[in-house]
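Visitor: For reference, the structure I am asking about is given below.
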Amino acid sequence: MELDDSITIVLDSHELLSGVCGANDGNLKLIEGILGGRITARGNEIRLQGAGLNGRERFKSVMDNLIAVVRDGEQPSTAYIRTLAGATGIAAGVSVTASDTSAREAALVQETSTDFFRDAMIQIPHGFARVYPRGRNQALYVLGMRSHDISFCVGPAGTGKTFLAVAESLRLVLAKEARKLVLTRPVVEAGESLGFLPGDLAQKINPYLRPLYDAMEALVPFEVIRRMEENHVIEIAPLAYMRGRSLNDAVVILDEAQNTTKEQMKMFLTRIGEGSRAIITGDITQIDLPRRVDSGLMHAVSILSDVEGLYFAYLHTGDVVRNPLIKKIIQAYDKQKKAE
């Protein structure tokens, strides 16, 4: 029988307490709703009662993270708090074994500290704010990008595949860890022909790369993007024009990779030169290739998954971070597809 079913966190300043608790103690109410028990703030102390041993451990981990975020001058978002409080195992500092995840993911986690989500935080020089993963799978994706020269991320719409790839790539380039950022994707329309597009090559392919630019504009000021373009630090390269090149000291993002052919994927992967990193993202449920043409992404996943040095991240419907309705829409389509 436990004599004391509570845990108290003592903060060293009123400003820190205010930042951690949020407006009208909104952060504490959110955590309380997820962990259970009862959270009270009095003076410079925050106390949790009645959540059990596991709840107390998770509460301590969440508070440690929030205190560190607020000390860094950040205002923790609702999504970030929900991720911290709702995640189990890793977020609570519990060790992850191969039975919980793949052997590669287990090794990846063990290489980091127990402060898993903060290890996966992305700090972009000149960026608007730090980028935190919103779940275990996103955190593994970020850590995989950092520790592998070639990373794949497969998942449905809205799971942050492209956003996190762009964020990590901008971090590398703006921190001078890579010389340039190369953006590419197969030029395939989603179910309709756009016909002739006017302008030069960059203007022709720009509509296809708009999602990548949307992500960049959400992360850094437009002036930073414009300056990178003027200095040729950002390069737009249609996939069809990559043959024969050798990309050195660059970060290369291949977006919408589900629309590559097997030949295009092989060609792309063999372009990666010395000191470069490649990030390949795609949604295998939205393939726009003609019938009877195999997806290069699906083929690569099937034959390369055991190759040492490559990283494969898999995001799922539960990882959707857009409007909550998106998750329900994807689930409805998946249910209908299974019934066919």
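A note on labels: chains of the structure tokens are A, B, ... as shown, every chain counts residues from 1, and ligands are counted from 1 in their shown order.
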Using backbone DSSP assignments, extract all strand (DSSP E or B) residues from segment 23-64 of chain A; output them as a list in words.

Guide: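 So the strand (DSSP E or B) residues in segment 23-64 of chain A would be Arg38, Ile39, Thr40, Ala41, Arg42, Glu45, Ile46, Arg47, Leu48 and Gln49 of chain A.
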
Visitor: Report as a PDB file with N, CA and C atoms, in the first residue's frame all protein, DNA and RNA residues lying within 10 Å of Gly43 of chain A, evaluated on only C-alpha atoms, omitting residues in the same chain fewer than 5 positions from it.

Guide:
```
ATOM      1  N   VAL A  10       8.888  21.588  -7.828  1.00  0.00           N
ATOM      2  CA  VAL A  10       9.142  22.934  -7.316  1.00  0.00           C
ATOM      3  C   VAL A  10       9.855  23.755  -8.378  1.00  0.00           C
ATOM      4  N   LEU A  11       9.278  24.901  -8.749  1.00  0.00           N
ATOM      5  CA  LEU A  11       9.867  25.783  -9.753  1.00  0.00           C
ATOM      6  C   LEU A  11      10.547  26.955  -9.068  1.00  0.00           C
ATOM      7  N   SER A  13      10.910  30.166 -10.105  1.00  0.00           N
ATOM      8  CA  SER A  13      10.479  31.541 -10.332  1.00  0.00           C
ATOM      9  C   SER A  13       9.007  31.564 -10.733  1.00  0.00           C
ATOM     10  N   HIS A  14       8.363  32.704 -10.461  1.00  0.00           N
ATOM     11  CA  HIS A  14       6.952  32.850 -10.806  1.00  0.00           C
ATOM     12  C   HIS A  14       6.763  32.861 -12.321  1.00  0.00           C
ATOM     13  N   LEU A  17       6.779  29.368 -13.537  1.00  0.00           N
ATOM     14  CA  LEU A  17       5.523  28.728 -13.158  1.00  0.00           C
ATOM     15  C   LEU A  17       4.406  29.136 -14.103  1.00  0.00           C
TER      16      LEU A  17
END
```

Visitor: Enumerate the residues of segment 145-272 of chain A with a DSSP assignment of helix (DSSP H, G or I), computed from the backbone, and present them as a PyMOL selection string.

Guide: chain A and resi 145-147+161-174+201-219+222-230+239-241+257-259+262-269

Visitor: Between A:His232, A:Arg146, A:Ala257, A:Ala68, single out the one closest to Asp288 of chain A, counting only C-alpha atoms.

Guide: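 Among the listed residues, A:Ala257 lies closest to Asp288 of chain A.
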
Visitor: Leaving out segment 72-87 of chain A and any residue of its chain fewer than 3 positions from it, which residues lie within 6 Å of it when counting only C-alpha atoms, given as a list in words?

Guide: Ile31, Val62, Val69, Ala91, Arg134 and Gly135 of chain A

Visitor: If I take atom CA of Gly37 of chain A and atom CA of Glu15 of chain A, how far is one from the other in Å, to one decimal?

Guide: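 Separation of atom CA of Gly37 of chain A and atom CA of Glu15 of chain A: 25.1 Å.
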
Visitor: Measuring between only C-alpha atoms, which one of A:Asp294, A:Asp12, A:Glu45, A:Asp25 shows the shortest distance to Glu263 of chain A?

Guide: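 Once distances to Glu263 of chain A are computed over only C-alpha atoms, the minimum belongs to A:Asp294.
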
Visitor: For Ile236 of chain A, work out the shell of residues within 12 Å, counting only C-alpha atoms and skipping chain neighbours fewer than 4 positions away, then give it as a ChimeraX atom specification.

Guide: /A:180-186,200-210,212-213,228-229,232,240-242,252-255

Visitor: List the spatial neighbours of Arg171 of chain A as a PyMOL selection string - criterion: any atom at most 8 Å away, only C-alpha atoms, same-chain residues fewer than 4 positions off excluded.

Guide: chain A and resi 122-125+167+175

Visitor: Between A:Ile326, A:Leu16, A:Ile46, A:Ile7, which residue has the minimum interatomic distance to Lys29 of chain A, considering only C-alpha atoms?

Guide: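 Closest candidate: A:Ile46.
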
Visitor: Here is a test: counting only C-alpha atoms, which residue of A:Thr281, A:Gly50, A:Lys176, A:Arg136 is nearest to Phe163 of chain A?

Guide: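 Closest residue, counting only C-alpha atoms: A:Thr281.
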